[in-house]
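Listing of query_13.pdb; format and content: PDB, C-alpha atoms.
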```
ATOM      1  CA  MET A 111     -75.860   9.497 -44.968
ATOM      2  CA  GLY A 112     -74.928  11.083 -41.658
ATOM      3  CA  GLU A 113     -75.510   7.829 -39.784
ATOM      4  CA  SER A 114     -73.348   5.830 -42.168
ATOM      5  CA  SER A 115     -70.588   8.393 -41.797
ATOM      6  CA  VAL A 116     -70.761   8.123 -38.029
ATOM      7  CA  ASN A 117     -70.751   4.339 -38.171
ATOM      8  CA  THR A 118     -67.814   4.338 -40.532
ATOM      9  CA  LEU A 119     -65.922   6.675 -38.211
ATOM     10  CA  GLU A 120     -66.755   4.533 -35.195
ATOM     11  CA  THR A 121     -65.687   1.424 -37.041
ATOM     12  CA  ARG A 122     -62.392   3.002 -37.972
ATOM     13  CA  THR A 123     -61.890   4.162 -34.405
ATOM     14  CA  ASP A 124     -62.641   0.759 -32.954
ATOM     15  CA  THR A 125     -60.339  -1.099 -35.314
ATOM     16  CA  SER A 126     -57.469   1.302 -34.764
ATOM     17  CA  SER A 127     -57.593   1.180 -30.959
ATOM     18  CA  PRO A 128     -56.217  -2.355 -30.498
ATOM     19  CA  ALA A 129     -53.310  -1.581 -32.818
ATOM     20  CA  THR A 130     -52.413   1.474 -30.747
ATOM     21  CA  SER A 131     -52.636  -0.400 -27.471
ATOM     22  CA  GLY A 132     -50.694  -3.295 -28.987
ATOM     23  CA  THR A 133     -47.766  -1.124 -29.970
ATOM     24  CA  GLY A 134     -47.893   0.606 -26.596
ATOM     25  CA  THR A 135     -47.381  -2.651 -24.686
ATOM     26  CA  ARG A 136     -44.203  -3.641 -26.492
ATOM     27  CA  PRO A 137     -41.845  -1.248 -24.651
ATOM     28  CA  ALA A 138     -43.525  -2.222 -21.385
ATOM     29  CA  ASP A 139     -42.964  -5.914 -22.169
ATOM     30  CA  ARG A 140     -39.335  -5.242 -22.980
ATOM     31  CA  ARG A 141     -38.885  -3.308 -19.747
ATOM     32  CA  ALA A 142     -40.517  -6.102 -17.787
ATOM     33  CA  ALA A 143     -38.225  -8.684 -19.411
ATOM     34  CA  LEU A 144     -35.181  -6.535 -18.644
ATOM     35  CA  ASP A 145     -36.337  -6.099 -15.041
ATOM     36  CA  ARG A 146     -36.676  -9.878 -14.694
ATOM     37  CA  LEU A 147     -33.181 -10.311 -16.106
ATOM     38  CA  ARG A 148     -31.732  -7.757 -13.680
ATOM     39  CA  ALA A 149     -33.627  -8.936 -10.604
ATOM     40  CA  PRO A 150     -31.292 -10.388  -7.922
ATOM     41  CA  ARG A 151     -31.722 -14.118  -7.477
ATOM     42  CA  ARG A 152     -30.426 -16.600  -4.945
ATOM     43  CA  PRO A 153     -27.009 -17.727  -6.216
ATOM     44  CA  ARG A 154     -26.324 -21.379  -6.938
ATOM     45  CA  ILE A 155     -23.149 -22.768  -5.382
ATOM     46  CA  TRP A 156     -22.104 -24.962  -8.319
ATOM     47  CA  PHE A 157     -22.485 -22.091 -10.769
ATOM     48  CA  GLU A 158     -20.580 -19.640  -8.558
ATOM     49  CA  VAL A 159     -17.649 -21.996  -7.984
ATOM     50  CA  LEU A 160     -17.435 -22.719 -11.700
ATOM     51  CA  LEU A 161     -17.792 -19.056 -12.645
ATOM     52  CA  ILE A 162     -15.104 -17.855 -10.223
ATOM     53  CA  ALA A 163     -12.687 -20.614 -11.217
ATOM     54  CA  VAL A 164     -13.108 -20.008 -14.943
ATOM     55  CA  SER A 165     -12.981 -16.233 -14.518
ATOM     56  CA  TYR A 166      -9.782 -16.273 -12.483
ATOM     57  CA  TRP A 167      -8.166 -18.738 -14.893
ATOM     58  CA  THR A 168      -9.119 -16.470 -17.799
ATOM     59  CA  TYR A 169      -7.864 -13.376 -15.974
ATOM     60  CA  SER A 170      -4.510 -15.021 -15.177
ATOM     61  CA  LEU A 171      -4.178 -16.312 -18.724
ATOM     62  CA  ILE A 172      -4.828 -12.909 -20.291
ATOM     63  CA  ARG A 173      -2.717 -11.014 -17.744
ATOM     64  CA  ASN A 174       0.260 -13.291 -18.220
ATOM     65  CA  SER A 175      -0.101 -13.384 -22.005
ATOM     66  CA  VAL A 176       0.136  -9.592 -22.279
ATOM     67  CA  PRO A 177       3.581  -8.827 -23.722
ATOM     68  CA  GLU A 178       5.947  -7.983 -20.891
ATOM     69  CA  GLN A 179       7.463  -5.084 -22.867
ATOM     70  CA  LYS A 180      10.364  -4.722 -20.464
ATOM     71  CA  ALA A 181      11.847  -1.587 -22.036
ATOM     72  CA  ALA A 182       8.509   0.246 -22.005
ATOM     73  CA  ALA A 183       7.813  -0.940 -18.463
ATOM     74  CA  MET A 184      11.143   0.436 -17.265
ATOM     75  CA  ARG A 185      10.555   3.769 -18.995
ATOM     76  CA  ASN A 186       7.096   4.029 -17.478
ATOM     77  CA  ALA A 187       8.470   3.258 -14.022
ATOM     78  CA  ASP A 188      11.057   6.042 -14.349
ATOM     79  CA  TRP A 189       8.366   8.433 -15.551
ATOM     80  CA  LEU A 190       5.967   7.513 -12.735
ATOM     81  CA  TRP A 191       8.745   7.883 -10.168
ATOM     82  CA  ASP A 192       9.452  11.380 -11.508
ATOM     83  CA  VAL A 193       5.749  12.241 -11.319
ATOM     84  CA  GLU A 194       5.616  11.152  -7.692
ATOM     85  CA  HIS A 195       8.680  13.255  -6.930
ATOM     86  CA  SER A 196       6.987  16.267  -8.470
ATOM     87  CA  LEU A 197       3.898  15.569  -6.334
ATOM     88  CA  GLY A 198       5.976  15.158  -3.187
ATOM     89  CA  ILE A 199       4.775  11.612  -2.498
ATOM     90  CA  ALA A 200       7.843   9.597  -3.583
ATOM     91  CA  VAL A 201       8.542   8.041  -0.177
ATOM     92  CA  GLU A 202       8.214   4.383  -1.208
ATOM     93  CA  GLN A 203      11.966   3.826  -0.925
ATOM     94  CA  SER A 204      12.073   5.119   2.655
ATOM     95  CA  VAL A 205       9.141   2.892   3.626
ATOM     96  CA  ASN A 206      10.761  -0.093   1.910
ATOM     97  CA  HIS A 207      14.101   0.352   3.742
ATOM     98  CA  THR A 208      12.532   1.124   7.124
ATOM     99  CA  VAL A 209      10.238  -1.907   7.190
ATOM    100  CA  ASN A 210      12.936  -4.180   5.735
ATOM    101  CA  SER A 211      15.123  -3.438   8.780
ATOM    102  CA  VAL A 212      12.574  -5.265  11.000
ATOM    103  CA  THR A 213      12.911  -8.865   9.852
ATOM    104  CA  TRP A 214       9.796 -10.346  11.467
ATOM    105  CA  LEU A 215       7.666  -7.491  10.138
ATOM    106  CA  ILE A 216       8.819  -7.628   6.539
ATOM    107  CA  VAL A 217       8.636 -11.435   6.430
ATOM    108  CA  GLY A 218       5.066 -11.210   7.709
ATOM    109  CA  MET A 219       4.285  -8.644   5.030
ATOM    110  CA  ASN A 220       5.731 -10.915   2.347
ATOM    111  CA  TYR A 221       3.329 -13.686   3.359
ATOM    112  CA  TYR A 222       0.496 -11.186   3.709
ATOM    113  CA  TYR A 223       1.100 -10.059   0.113
ATOM    114  CA  ALA A 224       1.142 -13.624  -1.179
ATOM    115  CA  THR A 225      -1.873 -15.057   0.633
ATOM    116  CA  LEU A 226      -4.471 -12.630   1.985
ATOM    117  CA  HIS A 227      -5.110 -11.224  -1.492
ATOM    118  CA  PHE A 228      -6.900 -14.495  -2.282
ATOM    119  CA  ILE A 229      -8.009 -15.726   1.150
ATOM    120  CA  VAL A 230      -9.849 -12.578   2.216
ATOM    121  CA  THR A 231     -11.460 -12.027  -1.196
ATOM    122  CA  ILE A 232     -12.812 -15.583  -1.303
ATOM    123  CA  GLY A 233     -13.882 -15.292   2.333
ATOM    124  CA  VAL A 234     -15.936 -12.159   1.613
ATOM    125  CA  LEU A 235     -17.562 -13.842  -1.392
ATOM    126  CA  VAL A 236     -18.527 -16.865   0.738
ATOM    127  CA  TRP A 237     -19.861 -14.595   3.496
ATOM    128  CA  LEU A 238     -21.983 -12.657   1.005
ATOM    129  CA  TYR A 239     -23.252 -15.876  -0.544
ATOM    130  CA  ARG A 240     -24.419 -17.183   2.824
ATOM    131  CA  ARG A 241     -25.556 -14.023   4.635
ATOM    132  CA  HIS A 242     -26.494 -11.540   1.899
ATOM    133  CA  PRO A 243     -27.616 -13.578  -1.144
ATOM    134  CA  GLY A 244     -29.690 -10.711  -2.535
ATOM    135  CA  ARG A 245     -26.596  -8.519  -2.774
ATOM    136  CA  TYR A 246     -24.199 -11.225  -3.870
ATOM    137  CA  ALA A 247     -24.547 -11.011  -7.657
ATOM    138  CA  ALA A 248     -24.294  -7.213  -7.761
ATOM    139  CA  THR A 249     -21.230  -7.185  -5.502
ATOM    140  CA  ARG A 250     -19.629  -9.980  -7.506
ATOM    141  CA  LEU A 251     -20.221  -7.954 -10.670
ATOM    142  CA  VAL A 252     -18.279  -5.065  -9.102
ATOM    143  CA  LEU A 253     -15.311  -7.380  -8.523
ATOM    144  CA  PHE A 254     -15.444  -8.871 -12.009
ATOM    145  CA  ALA A 255     -15.758  -5.502 -13.769
ATOM    146  CA  THR A 256     -12.899  -4.113 -11.668
ATOM    147  CA  THR A 257     -10.651  -7.015 -12.592
ATOM    148  CA  GLY A 258     -11.652  -6.919 -16.251
ATOM    149  CA  VAL A 259     -10.815  -3.257 -16.744
ATOM    150  CA  ALA A 260      -7.467  -3.807 -14.974
ATOM    151  CA  LEU A 261      -6.438  -6.031 -17.879
ATOM    152  CA  VAL A 262      -6.732  -3.012 -20.145
ATOM    153  CA  GLY A 263      -4.315  -1.156 -17.897
ATOM    154  CA  TYR A 264      -1.792  -3.988 -18.010
ATOM    155  CA  TYR A 265      -1.880  -3.952 -21.791
ATOM    156  CA  LEU A 266      -1.808  -0.192 -22.366
ATOM    157  CA  PHE A 267       0.598   0.779 -19.580
ATOM    158  CA  PRO A 268       3.204  -1.902 -18.792
ATOM    159  CA  LEU A 269       4.946  -0.897 -15.583
ATOM    160  CA  ALA A 270       7.896  -2.303 -13.680
ATOM    161  CA  PRO A 271       7.439  -2.474  -9.910
ATOM    162  CA  PRO A 272       9.879  -0.436  -7.809
ATOM    163  CA  ARG A 273      11.947  -3.515  -6.882
ATOM    164  CA  LEU A 274      12.842  -4.050 -10.569
ATOM    165  CA  MET A 275      13.794  -0.462 -11.406
ATOM    166  CA  ASN A 276      17.257   0.270 -12.745
ATOM    167  CA  GLY A 277      19.455   2.668 -10.796
ATOM    168  CA  GLN A 278      17.197   2.797  -7.723
ATOM    169  CA  ASP A 279      17.939   1.352  -4.317
ATOM    170  CA  PHE A 280      14.738  -0.599  -3.728
ATOM    171  CA  ILE A 281      14.971  -3.921  -1.888
ATOM    172  CA  ASP A 282      13.230  -7.014  -3.240
ATOM    173  CA  THR A 283      12.191  -8.275   0.185
ATOM    174  CA  VAL A 284      11.240 -11.751  -1.043
ATOM    175  CA  LEU A 285      14.696 -12.391  -2.473
ATOM    176  CA  VAL A 286      16.510 -10.898   0.503
ATOM    177  CA  HIS A 287      14.583 -12.836   3.152
ATOM    178  CA  HIS A 288      13.991 -16.001   1.083
ATOM    179  CA  THR A 289      10.267 -16.001   1.646
ATOM    180  CA  TRP A 290       7.437 -16.924  -0.666
ATOM    181  CA  GLY A 291       5.916 -13.487  -0.854
ATOM    182  CA  SER A 292       5.200 -12.798  -4.507
ATOM    183  CA  MET A 293       4.651 -14.795  -7.664
ATOM    184  CA  ALA A 294       6.728 -12.160  -9.438
ATOM    185  CA  SER A 295       9.872 -12.877  -7.414
ATOM    186  CA  GLY A 296      12.192 -15.769  -6.791
ATOM    187  CA  ASN A 297      11.431 -19.194  -8.261
ATOM    188  CA  LEU A 298       7.850 -18.239  -9.178
ATOM    189  CA  LYS A 299       8.670 -15.188 -11.275
ATOM    190  CA  ASN A 300       8.190 -17.028 -14.579
ATOM    191  CA  MET A 301       4.566 -17.805 -13.645
ATOM    192  CA  SER A 302       3.487 -14.164 -13.664
ATOM    193  CA  ASN A 303       3.922 -11.074 -15.794
ATOM    194  CA  GLN A 304       6.326  -8.998 -13.723
ATOM    195  CA  TYR A 305       5.478  -5.788 -15.571
ATOM    196  CA  ALA A 306       1.780  -5.644 -14.722
ATOM    197  CA  ALA A 307       2.005  -3.330 -11.722
ATOM    198  CA  MET A 308      -0.532  -0.717 -12.895
ATOM    199  CA  PRO A 309      -3.234  -0.853 -11.652
ATOM    200  CA  SER A 310      -2.729  -2.631  -8.339
ATOM    201  CA  MET A 311      -5.360  -5.319  -7.920
ATOM    202  CA  HIS A 312      -4.103  -5.903  -4.402
ATOM    203  CA  ILE A 313      -5.644  -2.504  -3.706
ATOM    204  CA  GLY A 314      -8.621  -2.998  -6.028
ATOM    205  CA  TRP A 315      -9.597  -6.300  -4.404
ATOM    206  CA  SER A 316      -8.782  -5.309  -0.813
ATOM    207  CA  LEU A 317     -10.766  -2.088  -1.112
ATOM    208  CA  TRP A 318     -13.656  -4.073  -2.611
ATOM    209  CA  CYS A 319     -13.512  -6.368   0.437
ATOM    210  CA  GLY A 320     -13.260  -3.477   2.869
ATOM    211  CA  LEU A 321     -16.079  -1.404   1.413
ATOM    212  CA  THR A 322     -18.336  -4.445   1.116
ATOM    213  CA  VAL A 323     -17.854  -5.423   4.745
ATOM    214  CA  PHE A 324     -18.201  -1.825   5.914
ATOM    215  CA  ALA A 325     -21.419  -1.317   3.931
ATOM    216  CA  VAL A 326     -23.325  -4.463   4.929
ATOM    217  CA  ALA A 327     -21.828  -5.841   8.149
ATOM    218  CA  ALA A 328     -23.798  -5.216  11.336
ATOM    219  CA  ALA A 329     -21.020  -5.593  13.901
ATOM    220  CA  PRO A 330     -18.987  -2.393  14.459
ATOM    221  CA  TRP A 331     -15.741  -4.370  14.896
ATOM    222  CA  ALA A 332     -16.265  -6.026  11.493
ATOM    223  CA  ARG A 333     -16.831  -2.660   9.839
ATOM    224  CA  ILE A 334     -13.658  -1.283  11.407
ATOM    225  CA  LEU A 335     -11.655  -4.309  10.226
ATOM    226  CA  GLY A 336     -13.157  -3.792   6.780
ATOM    227  CA  LEU A 337     -11.626  -0.323   6.593
ATOM    228  CA  LEU A 338      -8.299  -1.367   8.131
ATOM    229  CA  TYR A 339      -7.736  -4.174   5.609
ATOM    230  CA  PRO A 340      -7.177  -2.017   2.475
ATOM    231  CA  ALA A 341      -5.159   0.477   4.550
ATOM    232  CA  ALA A 342      -2.845  -2.318   5.731
ATOM    233  CA  THR A 343      -2.635  -3.664   2.174
ATOM    234  CA  LEU A 344      -1.511  -0.263   0.919
ATOM    235  CA  VAL A 345       1.378  -0.266   3.420
ATOM    236  CA  VAL A 346       2.309  -3.842   2.453
ATOM    237  CA  ILE A 347       2.454  -3.290  -1.310
ATOM    238  CA  VAL A 348       4.714  -0.264  -0.824
ATOM    239  CA  ALA A 349       6.918  -1.774   1.901
ATOM    240  CA  THR A 350       7.602  -4.880  -0.219
ATOM    241  CA  ALA A 351       8.456  -2.647  -3.229
ATOM    242  CA  ASN A 352       5.801  -4.290  -5.383
ATOM    243  CA  HIS A 353       3.888  -1.079  -6.163
ATOM    244  CA  PHE A 354       4.014   2.686  -6.269
ATOM    245  CA  TRP A 355       1.421   4.848  -4.523
ATOM    246  CA  LEU A 356      -0.046   5.714  -7.929
ATOM    247  CA  ASP A 357      -0.546   2.021  -8.722
ATOM    248  CA  ALA A 358      -2.933   2.030  -5.770
ATOM    249  CA  ALA A 359      -4.723   5.044  -7.241
ATOM    250  CA  GLY A 360      -5.128   3.070 -10.465
ATOM    251  CA  GLY A 361      -6.690   0.199  -8.516
ATOM    252  CA  MET A 362      -9.143   2.617  -6.903
ATOM    253  CA  LEU A 363     -10.182   3.968 -10.300
ATOM    254  CA  CYS A 364     -10.791   0.442 -11.555
ATOM    255  CA  LEU A 365     -12.967  -0.244  -8.509
ATOM    256  CA  ALA A 366     -14.957   2.934  -9.175
ATOM    257  CA  PHE A 367     -15.558   1.647 -12.708
ATOM    258  CA  GLY A 368     -16.720  -1.688 -11.280
ATOM    259  CA  TYR A 369     -19.250   0.020  -9.025
ATOM    260  CA  ALA A 370     -20.490   2.117 -11.947
ATOM    261  CA  VAL A 371     -21.085  -1.012 -14.043
ATOM    262  CA  SER A 372     -22.982  -2.741 -11.236
ATOM    263  CA  ARG A 373     -25.015   0.399 -10.522
ATOM    264  CA  ALA A 374     -25.947   0.736 -14.192
ATOM    265  CA  TRP A 375     -27.103  -2.882 -14.436
ATOM    266  CA  TYR A 376     -28.944  -3.303 -11.124
ATOM    267  CA  GLY A 377     -30.142   0.295 -10.767
ATOM    268  CA  ALA A 378     -28.648   0.638  -7.274
ATOM    269  CA  LEU A 379     -25.407   0.112  -5.427
ATOM    270  CA  PRO A 380     -25.092  -3.436  -4.050
ATOM    271  CA  HIS A 381     -25.673  -2.522  -0.403
ATOM    272  CA  HIS A 382     -28.946  -0.788  -1.323
ATOM    273  CA  LEU A 383     -30.397  -4.000  -2.731
ATOM    274  CA  PRO A 384     -32.485  -6.269  -0.469
ATOM    275  CA  ARG A 385     -30.483  -8.636   1.705
ATOM    276  CA  HIS A 386     -32.532 -11.607   0.541
ATOM    277  CA  PRO A 387     -33.723 -11.886  -3.068
ATOM    278  CA  ARG A 388     -37.417 -11.684  -3.749
ATOM    279  CA  ASP A 389     -39.152 -14.697  -5.271
ATOM    280  CA  THR A 390     -38.722 -13.853  -8.969
ATOM    281  CA  GLY A 391     -39.046 -17.361 -10.373
ATOM    282  CA  PRO A 392     -36.482 -19.011 -12.642
ATOM    283  CA  HIS A 393     -33.879 -16.899 -14.385
ATOM    284  CA  PRO A 394     -34.965 -15.905 -17.936
ATOM    285  CA  ALA A 395     -31.931 -17.694 -19.380
ATOM    286  CA  THR A 396     -32.878 -20.874 -17.492
ATOM    287  CA  ALA A 397     -36.476 -20.609 -18.682
ATOM    288  CA  LEU A 398     -35.266 -20.167 -22.268
ATOM    289  CA  LEU A 399     -33.088 -23.283 -22.067
ATOM    290  CA  THR A 400     -35.957 -25.245 -20.534
ATOM    291  CA  ARG A 401     -38.304 -24.244 -23.376
ATOM    292  CA  ALA A 402     -35.657 -25.202 -25.921
ATOM    293  CA  ARG A 403     -35.275 -28.657 -24.381
ATOM    294  CA  THR A 404     -39.052 -29.130 -24.294
ATOM    295  CA  ARG A 405     -39.351 -28.315 -28.007
ATOM    296  CA  ARG A 406     -36.631 -30.777 -28.914
ATOM    297  CA  ALA A 407     -38.319 -33.499 -26.868
TER     298      ALA A 407
END
```
Please render this file's structure as structure tokens.
Amino acid sequence: MGESSVNTLETRTDTSSPATSGTGTRPADRRAALDRLRAPRRPRIWFEVLLIAVSYWTYSLIRNSVPEQKAAAMRNADWLWDVEHSLGIAVEQSVNHTVNSVTWLIVGMNYYYATLHFIVTIGVLVWLYRRHPGRYAATRLVLFATTGVALVGYYLFPLAPPRLMNGQDFIDTVLVHHTWGSMASGNLKNMSNQYAAMPSMHIGWSLWCGLTVFAVAAAPWARILGLLYPAATLVVIVATANHFWLDAAGGMLCLAFGYAVSRAWYGALPHHLPRHPRDTGPHPATALLTRARTRRA
């Protein structure tokens, strides 16, 4: 009687153990799958070119399809200008007039505004792709998240740039000097939403470039240039009357959001990730597609 009871107890214990261990491995398997999904991998050039092209096209399409809401944008500009006056930082007009008096300088700034925004950003992406592939995806995610949240700002807070304000003496430097300095001025104004000044992605993108170079570049001169680039961009966007100081603050907040998203996904800031990705095998999504093709065949 006693022996049968012991045997029965042992039998029950033995049969229940695998079930316990089985349920215990499921969270571990899920964590392992998530870790594989998050693990940095060497980027593929064709995918990156396609992704960036489609993403920028989508961003431009959404940004320019947001209702311009001219009346609201003008009201918001007046309100923001009053806020800056109350803070004692409303010196954009003085900067605009001072720089505009030096023709070669303001013309250079017009072209800076129109071109470096794209050239430097793409250049940093290419540099990361070639020299820091392990950090590329996380840093790219920062840029994409920053740009994505900016679209929310354009929709919720339409804002006229200083050069379009009523009753203020700002100079539209592109129109005055007949330079191609902004897609929101001159003959190109119909290609862009002119009332999407908040947040400033010129600051969001330039600060992304600057911080990225400063964090991962080895050469001291490159790190210094990385910090000077967003500082110069800040002067340019104000001198050309395309943005207020607080638009730049909005761009910085968007960038902080982008870093938070990347940190949450990868578990570390981009520059803390290994320079070269570890050998993690094919991406889980690629493996899934491969299995699906094999089953069909």
Near segment 214-228 of chain A, counting all atoms listed in the file, which residues have an atom at most 10 Å away, once you skip same-chain residues fewer than 5 positions from it, shown as number ranges by chain? A: 206-209, 233, 283-284, 286-293, 311-313, 315-316, 319, 339, 342-343, 345-347, 349-350, 352
Between atom CA of Asn303 of chain A and atom CA of Lys180 of chain A, what is the distance in Å, rounded to a tenth? 10.2 Å
The PyMOL selection byres ((chain A and resi 336) around 10) on the file shown: which residues, as number ranges by chain? A: 316-325, 327, 330-335, 337-341
What is the distance, in Å and to one decimal place, between atom CA of His353 of chain A and atom CA of Trp237 of chain A?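 Between atom CA of His353 of chain A and atom CA of Trp237 of chain A the gap works out to 29.0 Å.
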Which residues are near Gln179 of chain A? Cut-off 9 Å, all atoms listed in the file, ignore same chain within fewer than 6 positions. Put them as a PyMOL selection string. chain A and resi 268-269+305
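Excluding segment 251-265 of chain A and any residue on its chain fewer than 5 positions from it, the residues at most 8 Å away by all atoms listed in the file are Tyr169, Ile172, Arg173, Val176, Pro177, Tyr305, Ala306, Ala307, Met308, Pro309, Met311, Gly314, Trp315, Trp318, Gly361, Cys364, Leu365, Ala366, Phe367, Gly368, Tyr369, Val371 and Ser372 of chain A.
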What does the file look like for those residues with C-alpha atoms, as an mmCIF file, in the frame of the given file?
```
data_model
loop_
_atom_site.group_PDB
_atom_site.id
_atom_site.type_symbol
_atom_site.label_atom_id
_atom_site.label_comp_id
_atom_site.auth_asym_id
_atom_site.auth_seq_id
_atom_site.Cartn_x
_atom_site.Cartn_y
_atom_site.Cartn_z
ATOM 1 C CA TYR A 169 -7.864 -13.376 -15.974
ATOM 2 C CA ILE A 172 -4.828 -12.909 -20.291
ATOM 3 C CA ARG A 173 -2.717 -11.014 -17.744
ATOM 4 C CA VAL A 176 0.136 -9.592 -22.279
ATOM 5 C CA PRO A 177 3.581 -8.827 -23.722
ATOM 6 C CA TYR A 305 5.478 -5.788 -15.571
ATOM 7 C CA ALA A 306 1.780 -5.644 -14.722
ATOM 8 C CA ALA A 307 2.005 -3.330 -11.722
ATOM 9 C CA MET A 308 -0.532 -0.717 -12.895
ATOM 10 C CA PRO A 309 -3.234 -0.853 -11.652
ATOM 11 C CA MET A 311 -5.360 -5.319 -7.920
ATOM 12 C CA GLY A 314 -8.621 -2.998 -6.028
ATOM 13 C CA TRP A 315 -9.597 -6.300 -4.404
ATOM 14 C CA TRP A 318 -13.656 -4.073 -2.611
ATOM 15 C CA GLY A 361 -6.690 0.199 -8.516
ATOM 16 C CA CYS A 364 -10.791 0.442 -11.555
ATOM 17 C CA LEU A 365 -12.967 -0.244 -8.509
ATOM 18 C CA ALA A 366 -14.957 2.934 -9.175
ATOM 19 C CA PHE A 367 -15.558 1.647 -12.708
ATOM 20 C CA GLY A 368 -16.720 -1.688 -11.280
ATOM 21 C CA TYR A 369 -19.250 0.020 -9.025
ATOM 22 C CA VAL A 371 -21.085 -1.012 -14.043
ATOM 23 C CA SER A 372 -22.982 -2.741 -11.236
#
```
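Comparing A:Leu197, A:Ala351, A:Ala370, A:Leu363 by their smallest distance to Ile281 of chain A, the closest is A:Ala351 (using all atoms listed in the file).
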Check the smallest atom-to-atom distance from each of A:Ala358, A:Leu266, A:Ala248, A:Ala328 to Pro380 of chain A using only C-alpha atoms, then report the winner. A:Ala248
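Separating atom CA of Ile199 of chain A from atom CA of Val230 of chain A is a distance of 28.7 Å.
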Which is closer to Leu190 of chain A than all the others in A:Pro272, A:Pro153, A:Pro243, A:Pro384, using all atoms listed in the file? A:Pro272
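Checking A:Leu356, A:Ser204, A:Asp188, A:His242 one by one against Met275 of chain A, counting all atoms listed in the file, you find the shortest gap at A:Asp188.
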Would you compute the box with edges along x, y and z of the file around segment 274-292 of chain A, including every atom the file lists for it and 5 Å extra on each side, and give its centre and edge lengths in Å to one decimal, as lines of an AutoDock Vina configuration file?
```
center_x = 12.3
center_y = -7.1
center_z = -4.8
size_x = 24.3
size_y = 29.7
size_z = 25.9
```
